[in-house]
Every structure is written in structure tokens, then in C-alpha cells.
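Below is one structure; the comments refer to it alone.
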Amino acid sequence: MTSSEIRRKYLEFFKARGHEIIPSAPLVLAEDPTTLFTSSGMQPLIPYLLGEPHPSGSKRLVDSQPSLRLGDVEEVGDNRHTTFFEMLGNWSLGDYFKVEQLPWFLEFLTKELGLDKARLWVSVFEGDKSTGVPRDEESLAVWQKLGISKERIFFYDVKKNWWSRSGEPSLMPTGEIGGPDSEVFYEFTEVHHDPKFGQECHPNCDCGRFLEIGNSVFIQYQKQADGSLKELPQKNVDFGGGLERLSAAISNDPDIFLIDLFWPLIKSLEKLSGKSYGQDPETTRAMRIIADHLRAAIMIARDSILPSNKAQGYVLRRLLRRAFLFTKKLNFETGGDYFPGFISILADSYDDIFPDLKEKKVQIADAFQEEADRFDKVLKSGIKEIDKTSRIDAQTAFYLLESFGLPFEITEEIARERGQVIKKEDFQKEIEKHQVLSRQGAENLFRGGLADQSYEVTKLHTATHLLHEALRRVLGSHVRQEGSNITAERLRFDFRQPTKLTAEELKKTADLVNEQIAKQLEVTETVQDLSQALASGARAFFREKYPEKVKVYSIGDFSREICGGPHVASTKELGRFRIIKEEAVAQGIRRIKAILENGG
Ligand code: SER
């Protein structure tokens with residue numbers, strides 16, 4: 001069964017059970033300030049899981065969502081991790097619940113995909129004292145009734161069987177939704193590429209015997225400002241299953257790179273390099289990394305992103321350069337027909353859902369070739385620089401990254417060839433020392449996925465709204481947001497203003513923000529028609545990009561802005577606001593950097 005067939009069968013199966021097939025969201029989210037990429041099917045559906053009616057009018061939705069997860073990019077190279085993947089998803093917006101969802105998924109796996117029920121294991125939430133969420137006896141009963149024997153049902157805690165975008169309850173920021181989940185695992189009896197078989201093996205063991213193929217999340221809680229969880233007015237189901245993993249389960253081989261969405265790419269790498277996949281671990285790893293990273297890069301570029309040093313463009317650059325590095329390890333060059341050939345193979349595999357890939361081939365291939373050439377130059381000057389030093393250490397690696405853009409992996413590789421070792425931890429320390437991580441928001445997101453959704457960032461995001469309004473009140477209505485960038489340490493706000501701010505104006509602005517914090521203003525969120533929001537005076541930017549329905553965040557009566565969130569529940573959480581820098585960034589545009597101290 002091809003991956004396209006699995007996708008089609010899935011959509012049809014749930015359509016036949018009253019679900020509306022909805023179009024997937026783009027991979028690159030221009031409107032969402034909290035993440036760079038869509039990383040799950042539920043992400044674009046959060047307002048509807050919170051109770052807003054879905055525009056389709058249906059309470060049952062199904063789709064296939066292109067997704068990107070960068071959290072475990074370093075693990076790519078084994079037989080199962082990928083950055084880009086397609087997530088098959090179905091949702092109940094306060095409609096059906098566990099008793100319908102679990103049997104449907106099992107029926108889909110066994111009847112539609114023909115998977116052997118005897119190879120399926122499941123996990124269920126064991127309960128959590130600190131939040132008071134009970135053990136999921138209901139799911140246990142459903143699985144048993146469906147004929148899954150007790151020995152194949154495992155209970156796990158919040159670390160494994162709780163899902164929210166940020167992870168377990170203690171990591172969820174105020175306002176985030178989540179809940180306990182129940183996962184299904186496929187057991188490969190013949191472990192093809194990873195013969196380790198742990199004695200204490202269980203579904204969440206990483207030995208390669210099991211692969212998670214689907215996750216039903218029962219989204220029914222929302223995190224409160226006091227740290228507790230509150231039941232949502234509606235109980236939702238949020239199911240997600242990786243298409244590539246389902247495909248691997250059907251072929252009964254745990255190596256994802258053997259499925260039809262990857263194998264032609266691997267084949268082309270075999271041809272170009274004259275080496276065989278599986279001939280030795282290094283070659284296999286290199287081919288998997290190239291295939292994964294280039295596929296992800298093509299999907300990002302499909303959304304009109306070019307390699308750059310900013311946000312999504314930076315991630316694209318990192319993925320490409322890492323792929324180029326491993327291409328060099330396989331000893332072939334990236335010129336000629338390499339990129340067009342690779343994109344054509346992918347376009348064929350995705351012809352039914354991404355027909356535009358064919359049209360974008362030349363444009364994407366040109367951009368990749370340009371980046372490959374740029375990378376070669378970086379590499380040459382970096383190597384020249386390395387030749388000047390006798391010892392390559394973490395400091396050198398950092399200098400080469402900062403001054404020449406030479407990725408750590410490459411410096412590390414060159415050092416290794418010269419019999420020297422650079423420890424990753426030392427390099428990491430070097431980065432932290434220079435605060436590159438906090439200056440470079442994209443780097444944060446690249447490493448830690450949702451790192452940017454931390455409570456610190458959320459607080460600074462609310463503070464940014466206060467600052468914006470305060471500036472307008474102190475300086476005048478010509479003030480307009482031109483840019484905003486938030487890290488866990490500070491906010492940075494660029495705005496239109498012809499002259500440098502005086503000490504008095506800066507003080508007035510900071511005082512005004514601190515007054516609002518002292519007033520303990522409530523932050524509220526409403527969803528409105530764009531026209532209604534604009535008419536009510538909510539601040540808006542980039543007006544033309546807004547959808548018809550928008551979220552408006554109000555902070556007491558002080559500020560109203562159209563914004564994607566998230567925000568804290570009350571300004572009392574913010575502590576003390578302090579401006580640490582004011583400077584010019586361009587003609588007529590000033591920049592303020594500010595921090596929060598002693599926050600809640
Ligand atoms: N949101 C869950 C996940 O991403 C299930 O859809 O795993």
C-alpha cells in the first residue's frame with residue numbers, strides 16, 4: 001500500500017464517520033508569533049478546541065497536516081526520526097470522546113490498513129496526584145473490550161502520556177490546553193536495522209522493537225495562572241498519527257527510510273555516491289540525514305522561504321548546510337542536476353497533494369544551488385582560518401561560527417581529522433557565554449522547538465503590548481510597531497518615531513507601564529470579525545495579512561491589540577518593567593530593549 005493510499009483511506013474513513021475533510025494549514029506560519037513552523041495538526045485548530053465554532057460548521061474534522069519538528073534534529077540519522085512529517089489528524093470539538101475514538105482508530109489500523117491486531121500495544125495515562133487528573137480507567141476499559149489483552153496495555157505518567165504543545169502540565173504556560181493521551185504502538189518482530197532487544201522492553205523503550213503510530217489526546221484541560229488545570233467547557237479528541245510511521249508499520253520494517261516517500265531519494269543518493277544504503281553505519285546515517293533534511297528544506301522553500309539569517313530562513317539554511325556537509329562525506333558535489341533531480345523525485349511522490357512542487361522546481365533548485373555555492377565559500381575561508389591555528393577548541397569553533405558562519409559540525413569534523421576533539425558541551429557553553437542563544441531567537445527555536453513559548457516569553461509578550469500603548473500615549477499616535485522580537489531574557493520593540501527619546505520620555509513610558517502592572521489588570525481574549533475589531537480601535541499591523549476572524553487581546557481598558565497570543569492572565573504576573581536600551585535602527589525608527597524583574 002502506498003503512502004498516498006494510506007492518506008486517502010484515512011480521510012475517507014473519517015469522512016464516512018461524519019468528519020469534514022479540512023484543508024491543511026501551511027507549514028510556515030506567518031501569523032503565529034509563537035512558533036516558526038506548524039508542528040502538529042491541532043496547532044491551527046486551537047480556537048475551535050477552545051469552543052469557537054469551526055467555519056465548516058462541523059464538530060468533526062479530519063486532515064493531513066505537513067509538520068516540522070526540530071527538537072530532535074540531532075537524532076535524525078537513526079531509522080525513525082525525521083524533521084518533516086505528515087500528521088494524519090482527526091478531531092472531535094466537544095462531540096464524540098474515548099468510546100468512539102479508540103475503536104475507530106483500531107478499526108482503521110486493522111480493517112483498512114490490514115495491520116495485525118496481535119502486533120498492537122497501547123499506553124494509557126496513569127494519573128497524576130499534583131494536578132488531580134485521575135488514572136484513565138475509561139480508556140483501559142475500551143481497549144480491553146476491543147480485545148487488547150492486559151499485558152499489552154501499559155500505564156505511564158505525565159512525561160509519556162500527557163500531551164500539550166509544551167509537554168507535561170508543569171511546563172504548560174498559562175492558557176495552554178492539553179490532556180491525557182492514549183498511544184498505539186506497532187511491534188516489529190523482526191528488528192531489521194537495530195537488533196538490540198532490551199530485556200525490560202516495553203512500548204516506550206527506544207530499542208527499535210516498537211514504533212508509536214498514533215496518539216489520541218483527550219484535550220480537556222487549560223492551564224491557569226495559579227498553576228492549576230481547569231476543565232474546558234468541552235471535551236475534545238485530538239488524534240495525530242505519522243503517515244510515514246504508518247507506512248513503515250504496514251511494510252513491517254521499522255526503517256522509515258525504506259518507505260515510498262523516502263526510498264527513491266535514497267536510491268538517487270546511492271547512484272550519485274556509488275555507495276549502498278546499509279553498507280556501513282556512517283553511509284546509512286549520511287544518506288538518511290541528506291534525504292530527511294533536503295525533503296524538509298524543499299517543503300519549507302515550497303512556502304516561499306529563502307535561506308537567510310532570520311527565523312524560518314535561518315532554519316532552512318541550517319538544514320541545507322547540514323545536508324551539504326553529509327553530501328561531502330559521501331564524496332559527491334551538489335552541482336549539475338542534483339537539486340532539480342531531487343525535487344523532481346519528491347514532486348512525483350507528492351503529486352496528489354502538492355502539485356505545485358513541480359512548478360516551483362526551478363526556483364527552489366536555484367535557491368539551493370546558490371546556498372550550496374555560498375556554503376562552499378564559507379567552508380574555504382573557514383578552513384583557511386583553521387589552518388592558521390594549531391589547536392582547534394570550543395572558542396575557535398565559536399569564532400568560526402560567528403565570523404564565517406561555519407557550522408559547529410564542520411569545525412568538529414575538521415578537528416577530528418586532525419586528531420583533536422572539541423566537546424559539544426564546551427561549545428554550547430561558549431555560545432551561552434556570548435548570549436547568542438538569547439540574541440538569536442531563531443537559534444532557540446531551531447534547538448528547542450517550542451522554547452520560545454516559555455512563561456518568560458509570554459510575560460514579555462504582554463509587556464510588549466503595554467509598552468506599545470505607553471509609547472503612543474507619551475509620544476503621540478504616530479508611534480507604530482515596526483518589529484518585535486522576544487527572547488526569554490528581554491523584549492525588543494521597534495517603532496516609528498522621528499527623534500531620540502529624552503530621558504524624561506523614557507521614564508514616563510516605563511512609569512506608565514509599571515502603573516498598569518501595579519493595577520493588576522486582567523488580560524482577556526476575544527475572537528472577532530476583523531472589521532469589528534478594527535472599528536473598535538484595536539491596534540493592528542500588517543493589516544492586509546489578517547484573516548477574517550481575529551483574536552483581540554485587551555489589557556484592562558489600557559490596551560487592545562489584534563494578536564495571536566499567548567499572554568499572561570493578569571499584569572500582576574509581570575513584576576517590574578525596566579527599559580535597558582533605546583537606540584536608532586533606521587531612519588525614523590527607534591528600538592527599545594526592556595526586561596522584567598522580580599516577576600511572578
Ligand atoms: N497533538 C498530538 C500530537 O501532536 C496528537 O495530534 O501528537
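Please note that chains go A, B, ... in the order of the C-alpha cells, that every chain numbers its residues from 1, and that ligands are numbered from 1 in the order shown.
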All residues having an atom within 12 Å of ligand 1 (only C-alpha atoms and all ligand atoms) as a PyMOL selection string: chain A and resi 38-46+49+62-69+85-92+160-167+177-184+212-219+236-242
Excluding range 370-378 of chain A and its own-chain neighbours fewer than 4 positions away, which residues fall within 10 Å of it when counting only C-alpha atoms? Please give them as number ranges by chain. A: 306-308, 317, 320-321, 323-325, 333-335, 364-366, 382-384, 400-401, 403-407
From the DSSP assignment of the backbone, select every residue of range 87-215 of chain A that is strand (DSSP E), and format the answer as a VMD selection string. chain A and resid 87 to 92 120 to 125 153 to 156 162 to 164 177 to 187 210 to 215
Write out the residues from the selection above, keeping C-alpha atoms, as an mmCIF file, in the first residue's frame.
```cif
data_model
loop_
_atom_site.group_PDB
_atom_site.id
_atom_site.type_symbol
_atom_site.label_atom_id
_atom_site.label_comp_id
_atom_site.auth_asym_id
_atom_site.auth_seq_id
_atom_site.Cartn_x
_atom_site.Cartn_y
_atom_site.Cartn_z
ATOM 1 C CA MET A 87 0.420 14.102 10.522
ATOM 2 C CA LEU A 88 -2.912 12.443 9.871
ATOM 3 C CA GLY A 89 -5.370 14.013 12.291
ATOM 4 C CA ASN A 90 -8.974 13.756 13.363
ATOM 5 C CA TRP A 91 -10.744 15.925 15.900
ATOM 6 C CA SER A 92 -13.872 15.965 17.969
ATOM 7 C CA LEU A 120 -0.526 -3.634 18.550
ATOM 8 C CA TRP A 121 0.310 -2.433 22.059
ATOM 9 C CA VAL A 122 -1.196 0.571 23.782
ATOM 10 C CA SER A 123 -0.403 3.032 26.529
ATOM 11 C CA VAL A 124 -2.766 4.857 28.858
ATOM 12 C CA PHE A 125 -2.399 7.702 31.392
ATOM 13 C CA ILE A 153 -1.666 -2.188 27.893
ATOM 14 C CA PHE A 154 0.877 -0.019 29.724
ATOM 15 C CA PHE A 155 0.299 2.886 32.079
ATOM 16 C CA TYR A 156 2.694 5.848 32.004
ATOM 17 C CA TRP A 162 0.182 13.675 28.630
ATOM 18 C CA TRP A 163 0.152 15.886 25.580
ATOM 19 C CA SER A 164 0.267 19.633 25.200
ATOM 20 C CA ILE A 177 -4.613 23.405 26.552
ATOM 21 C CA GLY A 178 -3.791 19.707 26.813
ATOM 22 C CA GLY A 179 -4.781 16.439 28.377
ATOM 23 C CA PRO A 180 -4.030 12.767 28.947
ATOM 24 C CA ASP A 181 -3.478 10.620 25.897
ATOM 25 C CA SER A 182 -3.519 7.039 24.733
ATOM 26 C CA GLU A 183 -0.920 5.882 22.246
ATOM 27 C CA VAL A 184 -0.817 2.881 19.938
ATOM 28 C CA PHE A 185 2.470 1.149 19.125
ATOM 29 C CA TYR A 186 3.306 -1.312 16.402
ATOM 30 C CA GLU A 187 5.620 -4.155 17.362
ATOM 31 C CA PHE A 210 8.159 -0.672 18.980
ATOM 32 C CA LEU A 211 7.111 2.337 16.957
ATOM 33 C CA GLU A 212 4.405 4.767 18.058
ATOM 34 C CA ILE A 213 1.900 5.032 15.227
ATOM 35 C CA GLY A 214 -0.914 7.090 16.702
ATOM 36 C CA ASN A 215 -1.817 9.292 19.612
#
```
Taking into account only C-alpha atoms, which residue in the set A:Glu583, A:Glu176, A:Asp128, A:Asp260 is nearest to Asp494 in chain A? A:Glu583
Could you list, as a list of chain:residue names, every residue within 10 Å of Ser344 in chain A, counting only C-alpha atoms and ignoring same-chain residues fewer than 5 positions away? A:Leu265, A:Phe339, A:Ser349, A:Tyr350, A:Asp351, A:Leu357, A:Lys358, A:Lys361, A:Val362
Which residues are close to Glu412 in chain A, i.e. within 12 Å by only C-alpha atoms, leaving aside same-chain residues fewer than 2 positions away? Reply as a PyMOL selection string. chain A and resi 325+383+386+391-398+400-401+406-410+414-424+426-427
Nearest residue to Tyr48 in chain A out of A:Lys235, A:His81, A:Arg209, A:Arg322, using only C-alpha atoms? A:Lys235
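Minimum atom-to-atom distance to Leu243 in chain A, evaluated using only C-alpha atoms, belongs to A:Leu113 out of A:Leu113, A:Ala296, A:Leu467, A:Val133.
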Suppose you want the space between CA of Ile517 in chain A and CA of Gln224 in chain A; what is it in Å?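 If I compute the distance from CA of Ile517 in chain A to CA of Gln224 in chain A, I get 18.7 Å.
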Considering only C-alpha atoms, state which residue in the set A:Leu491, A:Leu258, A:Leu501, A:Ile345 is at the smallest distance from Ala584 in chain A. A:Leu501
Write out as number ranges by chain all residues of range 360-459 of chain A that backbone DSSP assigns to alpha helix (DSSP H). A: 361-388, 394-404, 408-417, 424-433, 436-439, 441-448, 455-459
Work out how far apart CA of Lys593 in chain A and CA of Asn514 in chain A are and give it in Å to one decimal.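 Those two atoms sit 15.4 Å apart.
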Using only C-alpha atoms, which of the listed residues (A:Ile250, A:Ala538, A:Ile300, A:Ala118) sits closest to Glu5 in chain A? A:Ile250
I'd like the contact shell of range 99-102 of chain A - 8 Å cut-off, only C-alpha atoms, skipping same-chain residues fewer than 3 positions apart - returned as an mmCIF file with C-alpha atoms, in the first residue's frame.
```cif
data_model
loop_
_atom_site.group_PDB
_atom_site.id
_atom_site.type_symbol
_atom_site.label_atom_id
_atom_site.label_comp_id
_atom_site.auth_asym_id
_atom_site.auth_seq_id
_atom_site.Cartn_x
_atom_site.Cartn_y
_atom_site.Cartn_z
ATOM 1 C CA TYR A 96 -17.531 12.213 20.462
ATOM 2 C CA PHE A 105 -8.633 4.059 15.191
ATOM 3 C CA LEU A 106 -8.250 0.351 15.879
ATOM 4 C CA SER A 139 -9.561 4.085 28.005
ATOM 5 C CA VAL A 142 -12.322 0.417 25.990
ATOM 6 C CA TRP A 143 -9.027 -1.202 24.931
ATOM 7 C CA SER A 216 -5.335 10.125 20.809
ATOM 8 C CA VAL A 237 -10.345 14.498 20.931
#
```
